[in-house]
>>> print(open('work.txt').read())   # compact mmCIF, C-alpha atoms
# COMPACT_ATOMS: atom_id res chain seq x y z
CA MET A 1 37.88 40.55 92.61
CA ASN A 2 37.63 38.30 89.54
CA SER A 3 40.67 38.82 87.30
CA ALA A 4 38.76 37.48 84.26
CA THR A 5 36.22 40.30 84.71
CA ASP A 6 39.01 42.84 85.14
CA THR A 7 40.46 42.07 81.70
CA THR A 8 37.20 41.80 79.74
CA HIS A 9 37.53 45.36 78.49
CA CYS A 10 41.09 44.71 77.32
CA ASP A 11 40.01 41.48 75.62
CA ASP A 12 37.21 43.28 73.76
CA LEU A 13 39.64 45.98 72.64
CA ALA A 14 42.23 43.46 71.45
CA LYS A 15 39.62 41.59 69.43
CA ALA A 16 38.31 44.76 67.79
CA LEU A 17 41.86 45.94 67.09
CA GLU A 18 42.56 42.90 64.93
CA ALA A 19 39.72 43.80 62.58
CA PHE A 20 40.63 47.49 62.80
CA ARG A 21 44.02 46.81 61.20
CA ASP A 22 42.26 46.35 57.87
CA HIS A 23 41.45 50.09 57.87
CA ALA A 24 45.13 51.12 57.67
CA PRO A 25 45.06 51.80 53.88
CA LEU A 26 42.00 54.05 54.27
CA ILE A 27 43.65 56.05 57.08
CA GLU A 28 46.81 56.43 55.01
CA ARG A 29 44.77 57.71 52.07
CA TRP A 30 42.99 60.21 54.33
CA GLY A 31 46.24 61.47 55.85
CA THR A 32 47.90 61.98 52.47
CA GLU A 33 44.83 63.69 51.00
CA LEU A 34 44.49 65.92 54.06
CA ALA A 35 48.13 67.01 53.75
CA ARG A 36 47.54 67.96 50.13
CA ARG A 37 44.45 69.96 50.89
CA LEU A 38 45.56 71.73 54.06
CA GLY A 39 48.96 72.40 52.51
CA SER A 40 47.17 74.26 49.74
CA GLY A 41 45.10 76.45 52.03
CA ALA A 42 42.03 74.29 52.66
CA ARG A 43 40.61 73.78 56.15
CA LEU A 44 39.59 70.78 58.27
CA LEU A 45 36.40 71.04 60.32
CA VAL A 46 35.79 68.31 62.92
CA ALA A 47 32.69 67.58 65.00
CA GLY A 48 31.36 65.05 67.48
CA ASN A 49 29.21 64.81 70.59
CA GLY A 50 30.35 63.93 74.12
CA GLY A 51 33.44 61.72 74.07
CA SER A 52 33.61 62.12 70.30
CA ALA A 53 33.86 65.89 70.80
CA ALA A 54 36.96 65.27 72.90
CA GLN A 55 38.40 63.13 70.09
CA ALA A 56 37.62 65.88 67.58
CA GLN A 57 39.47 68.46 69.66
CA HIS A 58 42.38 66.06 70.14
CA LEU A 59 42.82 65.84 66.36
CA THR A 60 42.65 69.58 65.74
CA ALA A 61 45.16 70.19 68.54
CA GLU A 62 47.65 67.85 66.84
CA LEU A 63 47.29 69.66 63.51
CA VAL A 64 47.36 73.25 64.77
CA GLY A 65 50.12 72.38 67.22
CA ARG A 66 52.20 69.34 66.35
CA TYR A 67 52.00 65.57 66.60
CA ARG A 68 55.66 64.58 67.04
CA GLU A 69 58.17 66.61 65.04
CA ASP A 70 57.99 70.36 64.59
CA ARG A 71 56.30 71.55 61.39
CA PRO A 72 54.14 74.45 60.18
CA PRO A 73 50.65 74.76 61.73
CA PHE A 74 47.56 73.81 59.75
CA SER A 75 43.99 75.11 59.80
CA ALA A 76 41.75 72.73 61.77
CA LEU A 77 38.68 73.64 63.86
CA ALA A 78 36.74 71.57 66.39
CA LEU A 79 33.20 72.90 65.98
CA HIS A 80 32.06 72.23 69.55
CA ALA A 81 34.89 74.22 71.13
CA ASP A 82 33.35 77.70 70.71
CA THR A 83 30.94 77.55 73.64
CA SER A 84 29.30 80.91 72.95
CA SER A 85 28.47 79.94 69.38
CA THR A 86 27.31 76.44 70.25
CA THR A 87 25.00 77.58 73.06
CA ALA A 88 23.60 80.44 70.97
CA ILE A 89 22.90 78.14 68.01
CA ALA A 90 21.33 75.46 70.20
CA ASN A 91 19.16 78.06 71.91
CA ASP A 92 18.06 79.91 68.76
CA TYR A 93 17.94 77.15 66.13
CA GLY A 94 17.88 73.84 68.03
CA VAL A 95 20.56 71.24 68.71
CA GLN A 96 20.15 69.71 65.26
CA GLU A 97 21.64 72.88 63.72
CA LEU A 98 24.58 72.98 66.13
CA PHE A 99 27.23 71.85 63.63
CA ALA A 100 25.42 72.54 60.36
CA ARG A 101 25.32 76.29 60.96
CA GLN A 102 29.01 76.40 61.90
CA THR A 103 29.84 74.33 58.83
CA ALA A 104 28.01 76.88 56.70
CA ALA A 105 29.94 79.70 58.41
CA HIS A 106 33.45 78.23 58.17
CA GLY A 107 33.34 75.70 55.35
CA ARG A 108 34.42 76.33 51.77
CA PRO A 109 34.57 74.21 48.60
CA GLY A 110 37.51 71.80 48.89
CA ASP A 111 37.51 71.80 52.71
CA VAL A 112 37.06 68.55 54.66
CA LEU A 113 34.46 67.88 57.35
CA LEU A 114 35.33 64.94 59.61
CA LEU A 115 32.48 63.66 61.79
CA LEU A 116 32.91 61.27 64.74
CA SER A 117 30.06 59.23 66.16
CA THR A 118 29.96 55.87 67.95
CA SER A 119 26.35 55.32 66.83
CA GLY A 120 26.56 56.93 63.41
CA ALA A 121 23.05 58.27 63.96
CA SER A 122 23.43 61.71 65.60
CA ALA A 123 21.00 64.11 63.94
CA ASN A 124 23.25 67.16 64.31
CA LEU A 125 26.11 65.37 62.53
CA LEU A 126 23.84 64.19 59.72
CA SER A 127 22.65 67.78 59.23
CA ALA A 128 26.27 68.98 59.10
CA ALA A 129 27.13 66.37 56.48
CA GLU A 130 24.22 67.47 54.31
CA ARG A 131 25.20 71.15 54.64
CA ALA A 132 28.83 70.39 53.84
CA HIS A 133 27.89 68.60 50.62
CA ARG A 134 25.82 71.60 49.56
CA LEU A 135 28.94 73.76 50.02
CA GLY A 136 31.15 71.48 47.94
CA MET A 137 33.05 70.07 50.91
CA THR A 138 34.24 66.48 51.35
CA VAL A 139 32.74 64.55 54.28
CA TRP A 140 34.58 61.78 56.13
CA ALA A 141 33.15 59.83 59.07
CA LEU A 142 34.52 57.79 61.96
CA THR A 143 31.67 55.65 63.28
CA GLY A 144 30.77 52.43 65.06
CA ARG A 145 29.41 49.35 63.35
CA SER A 146 28.10 49.56 59.81
CA PRO A 147 25.71 50.13 58.25
CA ASN A 148 24.67 53.40 59.84
CA PRO A 149 23.15 56.69 58.58
CA LEU A 150 26.34 58.74 58.93
CA GLN A 151 28.34 56.19 56.97
CA LEU A 152 25.77 56.41 54.16
CA GLY A 153 25.76 60.23 54.29
CA ALA A 154 29.55 60.59 54.07
CA ASP A 155 31.85 60.43 51.06
CA ASP A 156 34.08 57.99 52.94
CA ALA A 157 33.75 56.26 56.31
CA LEU A 158 35.77 54.17 58.74
CA CYS A 159 33.38 51.98 60.71
CA VAL A 160 34.74 50.27 63.83
CA ASP A 161 33.33 46.79 64.34
CA ALA A 162 32.87 46.75 68.11
CA PRO A 163 29.71 46.35 70.25
CA LEU A 164 30.58 48.90 72.96
CA ALA A 165 30.80 52.68 72.52
CA ALA A 166 33.87 52.79 74.78
CA THR A 167 35.77 50.39 72.51
CA VAL A 168 34.72 52.35 69.42
CA GLN A 169 36.02 55.58 70.96
CA GLU A 170 39.33 53.97 71.89
CA LEU A 171 39.85 52.83 68.31
CA HIS A 172 38.81 56.25 67.03
CA LEU A 173 41.75 57.61 69.03
CA VAL A 174 44.02 55.05 67.37
CA ALA A 175 42.67 56.24 64.01
CA VAL A 176 43.37 59.87 64.97
CA HIS A 177 47.00 59.09 65.83
CA MET A 178 47.51 57.00 62.68
CA LEU A 179 45.99 59.82 60.63
CA CYS A 180 48.44 62.30 62.20
CA GLU A 181 51.39 60.00 61.49
CA THR A 182 50.42 59.67 57.84
CA PHE A 183 49.72 63.41 57.60
CA ASP A 184 53.15 64.34 59.01
CA ARG A 185 54.89 61.85 56.73
CA ALA A 186 53.15 63.35 53.70
CA VAL A 187 54.19 66.86 54.78
CA GLU A 188 57.79 65.74 55.31
CA ASN A 189 57.80 64.13 51.85
CA GLY A 190 56.53 67.34 50.26
CA GLU A 191 53.14 65.92 49.27
CA THR A 192 51.41 69.25 49.86
CA GLY A 193 50.94 70.56 46.33
CA ARG A 194 48.19 72.91 45.25
CA VAL A 195 44.69 71.52 44.72
CA THR A 196 41.63 72.73 42.85
CA ALA A 197 38.30 73.55 44.52
CA ASP A 198 37.12 69.94 44.22
CA GLY A 199 40.20 68.67 46.03
CA THR A 200 42.12 67.29 43.04
CA PRO A 201 45.82 68.21 42.54
CA ALA A 202 46.44 71.28 40.38
CA ALA A 203 48.16 70.67 37.07
CA ASP A 204 50.68 73.53 37.16
CA GLY A 205 53.07 71.70 39.50
CA ARG A 206 53.75 74.76 41.66
CA PRO A 207 54.58 73.99 45.31
CA GLY A 208 51.85 74.49 47.89
CA VAL A 209 51.99 76.93 50.78
CA VAL A 210 53.32 74.32 53.19
CA GLY A 211 55.84 73.02 50.70
CA ARG A 212 57.35 76.50 50.56
CA LEU A 213 57.26 76.88 54.36
CA VAL A 214 58.96 73.54 54.96
CA GLY A 215 61.61 74.35 52.40
CA ARG A 216 62.21 77.75 53.99
CA ALA A 217 62.44 76.20 57.46
CA ARG A 218 65.15 73.85 56.23
CA THR A 219 67.32 76.71 54.95
CA VAL A 220 66.81 79.37 57.64
CA GLY A 221 70.11 80.28 59.27
CA ARG A 222 72.20 78.42 56.73
CA THR A 223 75.01 80.22 54.89
CA PRO A 224 75.94 79.01 51.39
CA PRO A 225 79.49 77.58 51.22
CA GLY A 226 81.92 80.48 50.70
CA GLY A 227 79.12 83.02 50.98
CA PRO A 228 79.17 86.12 53.17
CA VAL A 229 77.87 85.93 56.72
CA ALA A 230 74.81 88.14 57.14
CA PRO A 231 75.22 90.83 59.84
CA ARG A 232 73.17 90.44 62.98
CA LYS A 233 70.30 92.78 63.67
CA GLY A 234 71.63 96.10 64.85
CA GLN A 235 75.07 95.64 63.26
CA ALA A 236 76.27 97.54 60.22
>>> encode(input="work.txt", output="structure tokens")
Amino acid sequence: MNSATDTTHCDDLAKALEAFRDHAPLIERWGTELARRLGSGARLLVAGNGGSAAQAQHLTAELVGRYREDRPPFSALALHADTSSTTAIANDYGVQELFARQTAAHGRPGDVLLLLSTSGASANLLSAAERAHRLGMTVWALTGRSPNPLQLGADDALCVDAPLAATVQELHLVAVHMLCETFDRAVENGETGRVTADGTPAADGRPGVVGRLVGRARTVGRTPPGGPVAPRKGQA
């Protein structure tokens, strides 16, 4: 077996990764903004088809569960994961409405819709983006090479410059993990203040829901110096 052929995939990935590094500031901005919004009660909706659906569910699992360190859970939904809803919508309204109808059901002003597509041309994702904008949501996209329709239909897009769908999906996974790292760092730093409906920080300076939860988690079980020890449950 030709060893040069065996490493072609790795070589393609390494080449695309070099250009991908330039997207680090965008991913950091997304992670910080997402921490602010979700920490204030907003929701992340994520959608994709095929392998991109798996990437979408990977991201929501990291946010509802945890990425590395323990922290409060956050509201994130992968729109393909409810098989009864997806099959009913596809059957009754057509595949193009698959994600748009769920976006209309779950999305609210200030929420974020993240769409993943290697081609950037999936009709059901374009319909979801249009529906999200009508609701006052923010739309982000992870796509393949630019320009593409989904990039143009989103508020912000990260376009991977790679010729093969497999390489694009692999770098989308890198983007997902970098996004989670930035998100967790923002949560740890307390960057989860309240936001208004359009996603901008509120002016009153009050801590967000997650800011209060993180602060509470840090003090649970601690006794102030010299203070009384609270009795255990069941003791007088």
>>> closest_residue(input="work.txt", among="A:Leu44, A:Leu179, A:Val160, A:Leu116", to="Ala132 of chain A", atoms="all atoms listed in the file")
A:Leu44
>>> atom_distance(input="work.txt", atom1="atom CA of Leu63 of chain A", atom2="atom CA of Cys180 of chain A")
7.6 Å
>>> closest_atom_pairs(input="work.txt", of="segment 88-123 of chain A", to="segment 135-138 of chain A", cutoff="8 Å", atoms="all atoms listed in the file", output="tab-separated table")
residue	atom	partner	partner_atom	distance
A:Ala104	CA	A:Leu135	CA	7.4
A:Gly107	CA	A:Met137	CA	7.2
A:Arg108	CA	A:Leu135	CA	6.3
A:Pro109	CA	A:Gly136	CA	4.4
A:Gly110	CA	A:Met137	CA	5.2
A:Asp111	CA	A:Met137	CA	5.1
A:Val112	CA	A:Thr138	CA	4.8
A:Leu113	CA	A:Thr138	CA	6.2
>>> atom_distance(input="work.txt", atom1="atom CA of Asn91 of chain A", atom2="atom CA of Ala53 of chain A")
19.1 Å
>>> atom_distance(input="work.txt", atom1="atom CA of Ala35 of chain A", atom2="atom CA of Ser127 of chain A")
26.1 Å
>>> closest_residue(input="work.txt", among="A:Asn189, A:Thr143, A:Gln151, A:Ser117", to="Gly51 of chain A", atoms="all atoms listed in the file")
A:Ser117
>>> residues_around(input="work.txt", residues="Leu34 of chain A", least_positions_apart="2", cutoff="10 Å", atoms="all atoms listed in the file", output="CSV table (one decimal) with C-alpha atoms, in the frame of the given file")
chain,number,residue,atom,x,y,z
A,28,GLU,CA,46.8,56.4,55.0
A,29,ARG,CA,44.8,57.7,52.1
A,30,TRP,CA,43.0,60.2,54.3
A,31,GLY,CA,46.2,61.5,55.8
A,32,THR,CA,47.9,62.0,52.5
A,36,ARG,CA,47.5,68.0,50.1
A,37,ARG,CA,44.4,70.0,50.9
A,38,LEU,CA,45.6,71.7,54.1
A,39,GLY,CA,49.0,72.4,52.5
A,40,SER,CA,47.2,74.3,49.7
A,42,ALA,CA,42.0,74.3,52.7
A,43,ARG,CA,40.6,73.8,56.2
A,44,LEU,CA,39.6,70.8,58.3
A,111,ASP,CA,37.5,71.8,52.7
A,112,VAL,CA,37.1,68.6,54.7
A,179,LEU,CA,46.0,59.8,60.6
A,180,CYS,CA,48.4,62.3,62.2
A,182,THR,CA,50.4,59.7,57.8
A,183,PHE,CA,49.7,63.4,57.6
A,186,ALA,CA,53.2,63.4,53.7
A,187,VAL,CA,54.2,66.9,54.8
A,191,GLU,CA,53.1,65.9,49.3
A,192,THR,CA,51.4,69.2,49.9
A,199,GLY,CA,40.2,68.7,46.0
>>> residues_around(input="work.txt", residues="Asn148 of chain A", least_positions_apart="2", cutoff="12 Å", atoms="all atoms listed in the file", output="ChimeraX atom specification")
/A:117-122,126,141-146,150-154,157-161
>>> residues_around(input="work.txt", residues="Gln55 of chain A", least_positions_apart="6", cutoff="9 Å", atoms="only C-alpha atoms", output="list of chain:residue names")
A:Ala47, A:Gly48, A:Leu116, A:Gln169, A:His172, A:Leu173, A:Val176
>>> residues_around(input="work.txt", residues="Ala19 of chain A", least_positions_apart="3", cutoff="10 Å", atoms="all atoms listed in the file", output="JSON, numbers by chain")
{"A": [14, 15, 16, 22, 23, 160, 161, 162]}
>>> closest_residue(input="work.txt", among="A:Asp12, A:Ser75, A:Ala56, A:Asn49", to="Ala175 of chain A", atoms="only C-alpha atoms")
A:Ala56
>>> axis_aligned_box(input="work.txt", around="segment 139-143 of chain A", padding_each_side="5 Å", output="lines of an AutoDock Vina configuration file")
center_x = 33.1
center_y = 60.1
center_z = 58.8
size_x = 12.9
size_y = 18.9
size_z = 19.0
>>> closest_residue(input="work.txt", among="A:Trp140, A:Leu45, A:Pro72, A:Asp156", to="Ala105 of chain A", atoms="all atoms listed in the file")
A:Leu45
